[in-house]
Each structure stands twice: as structure tokens, then as C-alpha cells.
Number of protein chains: 2
Amino acid sequence: MTRPTANNPYAVTRAAGKASLRRMLLDTASSLLERHGPDALTMRRVAAEAGCSTSVLYTMFGAKAGIAEALWREGFDRLSAALDGATGADPLERLAAMGRAYRANALANKSYYAVMFQRPIPGFEPSPEAYAASLKPLRALADAVADCISAGIFRPEDPSHIAGVLWAATHGAVSLELAGYEGAVDTEHRFNDLTAAAAAWFMSPDRQPPAVR
Amino acid sequence: MTRPTANNPYAVTRAAGKASLRRMLLDTASSLLERHGPDALTMRRVAAEAGCSTSVLYTMFGAKAGIAEALWREGFDRLSAALDGATGADPLERLAAMGRAYRANALANKSYYAVMFQRPIPGFEPSPEAYAASLKPLRALADAVADCISAGIFRPEDPSHIAGVLWAATHGAVSLELAGYEGAVDTEHRFNDLTAAAAAWFMSPDRQPPAVR
DNA sequence: CTGATTGGATAACGACGTTACACCACGAAA
DNA sequence: TTTCGTGGTGTAACGTCGTTATCCAATCAG
């Protein structure tokens with residue numbers, strides 16, 4: 001069926017070498033994930049959509065967990081890019097922009113966020129290297145925190161600890177929002193309050209919280 | 001095989017009526033969940049462990065999602081009981097005790113927490129009634145917050161909003177801890193800082209935060 | 001005792017992840 | 001050109017999953 005010089009993505013990409021073949025298969029999986037959710041991400045459907053058989057997926061990724069891990073890393077890459085794109089007039093505003101960027105990225109990539117923080121693909125556990133790579137956004141956050149300390153906005157304390165607390169605050173609000181646990185709750189208000197509270201906690205004593213409402 | 005008057009949990013419980021039969025099947029599923037994780041929770045294994053065929057599960061729960069929802073509700077019941085058991089000398093200490101109880105309950109029931117906040121069982125989406133029931137722990141939290149407002153510890157503001165922020169803080173720290181995103185991080189320190197920060201955010205102006213470290 | 005009804009065991013169906021195996025296209029050697 | 005590996009791919013299978021149709025046995029009404 002797929003044999004006679006078809007116009008499959010697979011047939012087209014095959015000639016361009018292994019790397020682009022892998023990229024194209026991941027794009028197929030990614031599209032499936034975003035359009036139909038994690039449950040639709042099956043080996044058979046990815047293969048059918050790409051126009052090849054499942055064998056290709058197994059020679060390329062070893063098992064379904066290999067595809068899942070690649071998507072997992074892509075999710076963190078997107079998050080990283082979103083955080084890197086956040087700017088602000090001063091270090092604190094940049095930190096606030098990173099928080100908004102985190103939330104916006106999560107809401108715009110719900111399926112990726114699920115792969116990253118829920119575990120919707122049975123049998124997938126990120127490898128230690130993938131875990132290590134996933135800490136890149138956290139380091140970006142820690143750098144922004146360090147800038148706040150240098151500017152005298154935050155008390156001098158371990159930046160990675162502060163970043164961890166800010167991450168937990170951001171993730172907690174976003175995670176509940178995505179899970180849909182909202183008894184008619186203003187999720188944005190909750191997000192703003194929690195992230196502001198976490199930041200205020202680390203501010204220098206002579207600084208007022210940015211908005212004591 | 002299971003026929004000749006066996007000592008199956010099923011054969012034993014059958015005589016005691018539908019309700020206890022349902023309870024026993026859920027206990028079997030719960031044990032499977034806690035011992036081997038969400039992936040091991042299959043209809044066939046539950047039936048085999050209970051000593052009956054899968055038909056019983058379908059007449060009793062409709063589908064696998066029915067079992068998942070029952071376990072989901074049980075998870076929130078355990079959380080609710082844990083929060084109700086938290087006490088303190090004053091309203092603020094009681095609130096802190098509830099936070100610690102939340103974390104302890106999550107760490108002691110990791111598989112339940114996964115069912116509640118991750119979505120490890122494909123095709124399971126909590127029903128609206130289940131969602132409504134899951135808000136009970138949040139109401140307990142809101143009551144404790146209202147006590148803090150009455151005592152002048154917190155500024156007068158919507159208790160359910162404050163409770164939502166505290167919940168997001170607690171959940172964010174616990175969620176990251178359970179997911180294993182720890183670059184050599186002191187998770188307890190992170191938890192304490194974030195929950196304290198969230199509480200301090202709502203305190204009356206004349207109140208100092210409980211521990212400005 | 002007979003008939004109807006209820007409810008569970010059995011076995012099947014389709015879909016899943018995975019793999020054994022046959023096959024075919026390619027480059028090297030002759 | 002022919003021959004011969006050899007690596008990658010399609011096909012088809014295996015075992016497991018959720019789910020369901022079918023059949024049978026036990027129970028109860030008359």
C-alpha cells in the first residue's frame with residue numbers, strides 16, 4: 001500500500017538522511033499529541049500518519065518510551081525558549097515576566113505540559129540524562145534570581161533554592177489550573193497572588209512587596 | 001478453576017450483599033494500586049486477585065473509569081481525613097499543621113496522589129459530581145483560613161481565594177517533590193518556605209511573618 | 001416441578017506495544 | 001555484469017489490554 005513511490009512524509013524524508021527522518025517522525029508524533037492528546041499517541045498511529053511501518057519507529061527510538069522522552073525534552077526546550085524570551089525593565093520585572101511566560105507556555109502547550117509533569121504515557125520514565133537536561137529552565141530562573149540579589153532586591157540567599165521555591169509556586173498554580181480544579185476560581189488571580197507571595201518572601205527587609213493589595 | 005466453593009475473597013464476600021462486595025473489589029484494586037502502581041491496575045488483574053471474572057467488575061463499575069473514579073474519591077477522602085486530623089494551638093498553627101498533613105498524606109499515598117493529580121489511567125476523567133466532592137478538603141482549608149481572619153491574623157479577604165492560593169502552594173511543592181525534579185534540592189525546606197511565603201502574603205500588616213529567617 | 005430471570009464464567013473482538021522473520025535494495029568484490 | 005552479504009523495512013504474529021456477546025447455572029414465582 002505504501003510501496004509504489006508514494007508521497008508519504010516517510011518516502012519524502014527518507015532520502016534526506018537519518019537526522020531529518022527522525023525529526024519528521026517526531027513532528028508527526030508531536031502533531032498527534034497536540035491534536036488528539038496523549039492517548040492517541042500510539043506507535044501504530046504515528047507510523048500510519050508518517051506513512052511507514054512501526055519497524056521504523058523501533059529502529060529509530062527503541063521503544064515508545066524513546067518517543068515519549070524525545071517529546072519530553074522538546075517540552076522542556078519550549079519552556080526554556082519561553083523563559084529566555086522574557087524580558088523586563090529591571091531584574092524583578094524580568095522575573096515576573098518569566099512567571100507569565102511559564103504560564104502562557106503551559107496553557108499553549110497543554111499536551112506537552114502533561115507529558116512533562118503528569119505521566120500519561122504508560123511505562124515512560126525519563127532517563128537521568130533527560131532529567132539533567134530538564135533543569136535548564138530552572139537554571140535560567142536561578143540566574144534571574146541571582147540578578148535580583150545583585151540588585152539588592154532579594155536577600156542574599158542560595159539562588160537555586162529561591163528559584164526552586166518560585167518554580168514550585170508557579171507550577172502549583174498552573175498545575176491546578178490545567179487539572180481543572182476550580183470551584184469557580186479566578187485562576188489568574190490565584191497565579192498572580194501566589195507568585196507575588198513567593199517573590200515577596202525573599203525580598204530585602206527595606207523593600208516593600210511590589211503590590212500590597 | 002475458581003468454581004468449587006473456593007476461599008476467594010469473592011466467594012467469601014458475595015454472601016454479604018452488594019455493598020460489601022463493592023467495597024471488597026475496591027480494596028483489591030486499591031491494594032494493587034499501592035503495591036504495583038497505576039500501570040498494574042488492569043481489569044484482569046483486579047478480577048484475578050479478587051477471585052472472580054471481569055464481568056463482575058463491569059456490572060459493578062460499568063467500566064475501568066468507574067473503578068478509577070472510586071479510587072479518586074477515596075484519595076480525596078483520605079486527604080480530607082488527614083486535614084481534619086490536623087490541630088494546632090491557634091488558627092495559624094492549625095493551618096501549618098494542615099499543610100504538613102497534606103504533604104505527609106501525599107507522601108504516604110503516592111499512588112493515590114498520582115490518580116488524583118496526574119492522570120495515569122487512560123480514558124479516565126472525573127465526573128462533575130466527583131469534582132464537586134473533591135472540593136471538600138478545599139472547604140476545610142477555607143474554614144481554617146476564616147478562623148485566621150476572625151483571629152485577626154489574616155487580612156479580611158475572600159477565604160476561599162486565600163485557601164486556593166495556599167492549596168496551590170502546597171500542591172506545587174509536593175507535586176515537584178513526587179515527580180522527582182530535584183537537582184539535589186532540600187524538598188522539605190522548599191515546602192516550608194513556599195507555604196510560609198503564601199501564608200505571610202495574607203497576614204495583617206501589624207503581624208510579622210512567623211519566621212523571617 | 002416448571003418456567004423465567006438474574007448474574008457470572010467463558011471466550012471472543014479489536015487495538016495496543018513489541019518482535020521474529022522474510023524480503024529487498026544497496027555497495028563491495030569478482 | 002554478476003554475486004554476495006548486509007542493513008533496513010514491511011508483514012505478520014504474540015501476548016496483553018478494555019470491553020462485550022453468549023451461554024449456563026443458580027435462584028425464585030407459580
# chains A, B, ... in the order shown; residues from 1 in each chain; ligands from 1
>>> residues_around(residues="Cys52 in chain B", least_positions_apart="4", cutoff="10 Å", atoms="only C-alpha atoms (C1' of nucleotides)", output="list in words")
Thr2, Arg3, Asn8, Pro9, Tyr10, Ala11, Leu25, Arg44, Val46, Ala47, Ala48, Val56 and Leu57 of chain B; DG8 and DA9 of chain C
>>> residues_around(residues="Ser55 in chain A", least_positions_apart="4", cutoff="10 Å", atoms="only C-alpha atoms (C1' of nucleotides)", output="list in words")
Met43, Arg44, Ala47, Thr59, Met60, Phe61 and Gly62 of chain A; DT18 and DT19 of chain C; DG8, DT9 and DG10 of chain D
>>> interface_residues(of="chain A", to="chain B", cutoff="6 Å", atoms="only C-alpha atoms", output="PyMOL selection string")
chain A and resi 118+120+165+168-169+171-173+190+194+197-198+201
>>> atom_distance(atom1="C1' of DT16 in chain D", atom2="CA of Leu32 in chain B")
17.3 Å
>>> select_by_dssp(residues="range 46-191 of chain B", states="alpha helix (DSSP H)", output="ChimeraX atom specification")
/B:46-50,54-61,64-84,91-108,110-117,128-134,136-150,159-179,187-191
>>> write_last_selection(atoms="C-alpha atoms", output="compact mmCIF listing (two decimals), in the first residue's frame")
# COMPACT_ATOMS: atom_id res chain seq x y z
CA VAL B 46 -8.23 -6.97 39.77
CA ALA B 47 -10.60 -9.78 38.86
CA ALA B 48 -7.94 -12.46 39.27
CA GLU B 49 -6.84 -11.05 42.62
CA ALA B 50 -10.41 -10.91 43.84
CA THR B 54 -14.11 -9.40 34.79
CA SER B 55 -17.86 -9.49 34.23
CA VAL B 56 -18.40 -8.69 37.88
CA LEU B 57 -16.33 -5.55 37.58
CA TYR B 58 -18.35 -4.38 34.61
CA THR B 59 -21.72 -4.98 36.24
CA MET B 60 -20.43 -3.23 39.35
CA PHE B 61 -18.49 -0.28 37.94
CA LYS B 64 -12.49 0.84 34.22
CA ALA B 65 -13.16 4.54 34.62
CA GLY B 66 -15.71 3.61 37.28
CA ILE B 67 -13.02 1.96 39.36
CA ALA B 68 -10.66 4.85 38.72
CA GLU B 69 -13.25 7.33 39.87
CA ALA B 70 -13.94 5.37 43.03
CA LEU B 71 -10.23 5.32 43.83
CA TRP B 72 -10.04 9.01 43.01
CA ARG B 73 -12.76 9.75 45.53
CA GLU B 74 -11.07 7.56 48.10
CA GLY B 75 -7.88 9.54 47.61
CA PHE B 76 -9.71 12.76 48.36
CA ASP B 77 -11.39 11.13 51.33
CA ARG B 78 -8.00 10.21 52.76
CA LEU B 79 -6.77 13.73 52.14
CA SER B 80 -9.86 15.12 53.80
CA ALA B 81 -9.38 12.90 56.82
CA ALA B 82 -5.74 13.90 57.06
CA LEU B 83 -6.64 17.58 57.04
CA ASP B 84 -9.41 17.09 59.58
CA PRO B 91 -5.62 29.10 63.98
CA LEU B 92 -2.32 29.80 62.28
CA GLU B 93 -0.65 26.77 63.81
CA ARG B 94 -3.59 24.69 62.79
CA LEU B 95 -3.17 25.93 59.24
CA ALA B 96 0.51 24.99 59.34
CA ALA B 97 -0.40 21.57 60.68
CA MET B 98 -2.81 21.11 57.80
CA GLY B 99 -0.02 21.88 55.37
CA ARG B 100 2.23 19.31 56.96
CA ALA B 101 -0.64 16.82 56.99
CA TYR B 102 -1.22 17.42 53.28
CA ARG B 103 2.38 16.67 52.47
CA ALA B 104 2.57 13.65 54.75
CA ASN B 105 -0.62 12.23 53.28
CA ALA B 106 0.67 12.69 49.75
CA LEU B 107 3.99 11.03 50.51
CA ALA B 108 2.26 8.15 52.26
CA LYS B 110 1.82 8.34 46.32
CA SER B 111 -0.24 6.15 44.03
CA TYR B 112 -3.44 7.80 45.19
CA TYR B 113 -1.92 11.20 44.71
CA ALA B 114 -1.00 10.18 41.19
CA VAL B 115 -4.56 9.13 40.45
CA MET B 116 -5.85 12.40 41.85
CA PHE B 117 -3.48 14.87 40.21
CA PRO B 128 -18.69 16.56 37.65
CA GLU B 129 -20.03 15.06 40.87
CA ALA B 130 -16.61 13.66 41.68
CA TYR B 131 -15.13 17.07 41.03
CA ALA B 132 -17.63 18.61 43.40
CA ALA B 133 -16.81 16.05 46.08
CA SER B 134 -13.13 16.73 45.66
CA LYS B 136 -14.31 19.14 50.39
CA PRO B 137 -10.66 19.37 51.51
CA LEU B 138 -10.54 22.83 49.99
CA ARG B 139 -13.51 23.85 52.10
CA ALA B 140 -11.80 22.55 55.22
CA LEU B 141 -8.85 24.71 54.32
CA ALA B 142 -11.11 27.70 53.73
CA ASP B 143 -12.67 27.21 57.17
CA ALA B 144 -9.27 27.27 58.81
CA VAL B 145 -8.44 30.40 56.84
CA ALA B 146 -11.66 32.02 58.01
CA ASP B 147 -10.64 31.30 61.59
CA CYS B 148 -7.36 33.07 60.93
CA ILE B 149 -9.23 36.08 59.63
CA SER B 150 -11.52 36.12 62.66
CA PRO B 159 -11.28 32.91 52.49
CA SER B 160 -11.79 30.61 49.54
CA HIS B 161 -9.38 32.63 47.44
CA ILE B 162 -6.75 32.53 50.17
CA ALA B 163 -7.35 28.82 50.59
CA GLY B 164 -6.90 28.36 46.84
CA VAL B 165 -3.54 30.11 46.92
CA LEU B 166 -2.40 28.07 49.92
CA TRP B 167 -3.53 24.90 48.19
CA ALA B 168 -1.63 25.79 45.03
CA ALA B 169 1.49 26.47 47.08
CA THR B 170 1.25 23.21 48.95
CA HIS B 171 0.42 21.23 45.87
CA GLY B 172 3.20 22.81 43.85
CA ALA B 173 5.88 21.86 46.33
CA VAL B 174 4.52 18.36 46.88
CA SER B 175 3.95 17.77 43.19
CA LEU B 176 7.53 18.62 42.26
CA GLU B 177 8.79 16.52 45.14
CA LEU B 178 6.83 13.49 43.98
CA ALA B 179 7.82 14.00 40.35
CA THR B 187 12.39 19.39 49.33
CA GLU B 188 11.27 19.93 52.90
CA HIS B 189 12.99 23.28 53.05
CA ARG B 190 11.37 24.25 49.79
CA PHE B 191 7.98 23.14 51.06
>>> residues_around(residues="DG5 in chain D", least_positions_apart="5", cutoff="12 Å", atoms="only C-alpha atoms (C1' of nucleotides)", output="tab-separated table (two decimals) with N, CA and C atoms (P, O5', C5', C4', C3', O3' and C1' of nucleotides), in the first residue's frame")
chain	number	residue	atom	x	y	z
C	26	DC	P	18.15	1.16	-4.41
C	26	DC	O5'	19.67	1.03	-3.97
C	26	DC	C5'	20.10	1.58	-2.72
C	26	DC	C4'	21.24	0.76	-2.14
C	26	DC	C3'	22.55	0.81	-2.92
C	26	DC	O3'	23.40	1.81	-2.37
C	26	DC	C1'	22.09	-1.36	-1.99
C	27	DG	P	24.63	2.36	-3.19
C	27	DG	O5'	25.83	1.47	-2.63
C	27	DG	C5'	26.37	1.74	-1.34
C	27	DG	C4'	27.41	0.70	-0.98
C	27	DG	C3'	28.67	0.74	-1.85
C	27	DG	O3'	29.83	0.46	-1.05
C	27	DG	C1'	27.63	-1.37	-2.08
C	28	DA	P	31.28	0.51	-1.76
C	28	DA	O5'	31.69	-1.04	-1.67
C	28	DA	C5'	31.66	-1.70	-0.40
C	28	DA	C4'	32.14	-3.13	-0.54
C	28	DA	C3'	33.46	-3.29	-1.31
C	28	DA	O3'	34.22	-4.35	-0.74
C	28	DA	C1'	31.72	-4.42	-2.47
C	29	DA	P	35.75	-4.53	-1.18
C	29	DA	O5'	35.71	-5.92	-1.97
C	29	DA	C5'	35.21	-7.07	-1.31
C	29	DA	C4'	34.92	-8.17	-2.32
C	29	DA	C3'	36.08	-8.50	-3.27
C	29	DA	O3'	36.24	-9.90	-3.35
C	29	DA	C1'	34.16	-8.00	-4.53
>>> residues_around(residues="DG3 in chain C", least_positions_apart="2", cutoff="10 Å", atoms="only C-alpha atoms (C1' of nucleotides)", output="list in words")
DC1 and DT5 of chain C; DA29 and DG30 of chain D
>>> interface_residues(of="chain C", to="chain A", cutoff="12 Å", atoms="only C-alpha atoms (C1' of nucleotides)", output="JSON, numbers by chain")
{"C": [15, 16, 17, 18, 19, 20, 24]}
>>> atom_distance(atom1="CA of Arg207 in chain A", atom2="CA of Thr87 in chain A")
21.7 Å
>>> atom_distance(atom1="CA of Arg155 in chain A", atom2="CA of Ser204 in chain A")
4.7 Å
>>> decode(residues="range 15-30 of chain C", atoms="N, CA and C atoms (P, O5', C5', C4', C3', O3' and C1' of nucleotides)", output="CSV table (one decimal), in the first residue's frame")
chain,number,residue,atom,x,y,z
C,15,DA,P,-9.7,-1.8,15.5
C,15,DA,O5',-8.6,-1.4,16.6
C,15,DA,C5',-9.0,-0.7,17.7
C,15,DA,C4',-7.9,-0.7,18.7
C,15,DA,C3',-6.5,-0.3,18.1
C,15,DA,O3',-6.0,0.8,18.8
C,15,DA,C1',-6.4,-2.3,19.5
C,16,DC,P,-4.7,1.5,18.3
C,16,DC,O5',-3.5,0.9,19.3
C,16,DC,C5',-3.7,1.3,20.7
C,16,DC,C4',-2.8,0.3,21.5
C,16,DC,C3',-1.4,0.2,21.1
C,16,DC,O3',-0.6,1.3,21.8
C,16,DC,C1',-2.3,-1.9,21.8
C,17,DG,P,0.8,1.7,21.2
C,17,DG,O5',1.7,0.5,21.8
C,17,DG,C5',2.0,0.6,23.2
C,17,DG,C4',2.9,-0.6,23.6
C,17,DG,C3',4.3,-0.4,23.0
C,17,DG,O3',5.3,-0.8,23.9
C,17,DG,C1',3.3,-2.5,22.3
C,18,DT,P,6.9,-0.7,23.6
C,18,DT,O5',7.1,-2.1,22.9
C,18,DT,C5',6.9,-3.3,23.6
C,18,DT,C4',7.1,-4.5,22.8
C,18,DT,C3',8.5,-4.6,22.0
C,18,DT,O3',9.3,-5.6,22.5
C,18,DT,C1',6.7,-5.3,20.7
C,19,DT,P,10.8,-5.8,22.0
C,19,DT,O5',10.6,-7.0,21.0
C,19,DT,C5',9.8,-8.1,21.4
C,19,DT,C4',9.7,-9.1,20.2
C,19,DT,C3',11.0,-9.3,19.4
C,19,DT,O3',11.1,-10.6,19.0
C,19,DT,C1',9.3,-8.7,17.9
C,20,DA,P,12.6,-11.3,19.0
C,20,DA,O5',12.3,-12.6,17.9
C,20,DA,C5',11.2,-13.3,18.1
C,20,DA,C4',10.7,-13.9,16.7
C,20,DA,C3',11.9,-14.3,15.8
C,20,DA,O3',11.5,-15.5,15.1
C,20,DA,C1',10.6,-12.6,14.7
C,21,DC,P,12.5,-16.3,14.3
C,21,DC,O5',12.1,-15.9,12.8
C,21,DC,C5',10.7,-15.9,12.4
C,21,DC,C4',10.6,-15.2,11.1
C,21,DC,C3',11.7,-15.5,10.1
C,21,DC,O3',11.2,-15.9,8.8
C,21,DC,C1',11.2,-13.2,10.1
C,22,DA,P,12.1,-16.7,7.8
C,22,DA,O5',11.5,-16.2,6.4
C,22,DA,C5',10.1,-15.9,6.3
C,22,DA,C4',9.9,-14.7,5.3
C,22,DA,C3',10.7,-14.7,4.1
C,22,DA,O3',9.9,-14.3,3.0
C,22,DA,C1',11.2,-12.7,5.3
C,23,DC,P,10.4,-14.5,1.5
C,23,DC,O5',10.7,-13.0,1.0
C,23,DC,C5',9.8,-12.0,1.3
C,23,DC,C4',10.4,-10.7,1.1
C,23,DC,C3',11.4,-10.6,-0.1
C,23,DC,O3',11.0,-9.5,-0.9
C,23,DC,C1',12.4,-9.7,1.8
C,24,DC,P,11.3,-9.5,-2.5
C,24,DC,O5',11.5,-7.9,-2.8
C,24,DC,C5',11.2,-7.0,-1.8
C,24,DC,C4',12.3,-5.9,-1.6
C,24,DC,C3',13.2,-5.8,-2.9
C,24,DC,O3',13.5,-4.5,-3.1
C,24,DC,C1',14.5,-6.2,-0.9
C,25,DA,P,13.7,-3.9,-4.6
C,25,DA,O5',14.6,-2.6,-4.5
C,25,DA,C5',14.4,-1.8,-3.4
C,25,DA,C4',15.7,-1.4,-2.7
C,25,DA,C3',16.8,-1.0,-3.7
C,25,DA,O3',17.4,0.2,-3.3
C,25,DA,C1',17.6,-2.6,-2.2
C,26,DC,P,18.2,1.2,-4.4
C,26,DC,O5',19.7,1.0,-4.0
C,26,DC,C5',20.1,1.6,-2.7
C,26,DC,C4',21.2,0.8,-2.1
C,26,DC,C3',22.6,0.8,-2.9
C,26,DC,O3',23.4,1.8,-2.4
C,26,DC,C1',22.1,-1.4,-2.0
C,27,DG,P,24.6,2.4,-3.2
C,27,DG,O5',25.8,1.5,-2.6
C,27,DG,C5',26.4,1.7,-1.3
C,27,DG,C4',27.4,0.7,-1.0
C,27,DG,C3',28.7,0.7,-1.9
C,27,DG,O3',29.8,0.5,-1.1
C,27,DG,C1',27.6,-1.4,-2.1
C,28,DA,P,31.3,0.5,-1.8
C,28,DA,O5',31.7,-1.0,-1.7
C,28,DA,C5',31.7,-1.7,-0.4
C,28,DA,C4',32.1,-3.1,-0.5
C,28,DA,C3',33.5,-3.3,-1.3
C,28,DA,O3',34.2,-4.4,-0.7
C,28,DA,C1',31.7,-4.4,-2.5
C,29,DA,P,35.8,-4.5,-1.2
C,29,DA,O5',35.7,-5.9,-2.0
C,29,DA,C5',35.2,-7.1,-1.3
C,29,DA,C4',34.9,-8.2,-2.3
C,29,DA,C3',36.1,-8.5,-3.3
C,29,DA,O3',36.2,-9.9,-3.4
C,29,DA,C1',34.2,-8.0,-4.5
C,30,DA,P,37.6,-10.5,-3.9
C,30,DA,O5',37.2,-11.1,-5.3
C,30,DA,C5',36.1,-12.1,-5.4
C,30,DA,C4',35.6,-12.3,-6.8
C,30,DA,C3',36.8,-12.3,-7.8
C,30,DA,O3',36.9,-13.6,-8.4
C,30,DA,C1',35.0,-10.9,-8.5
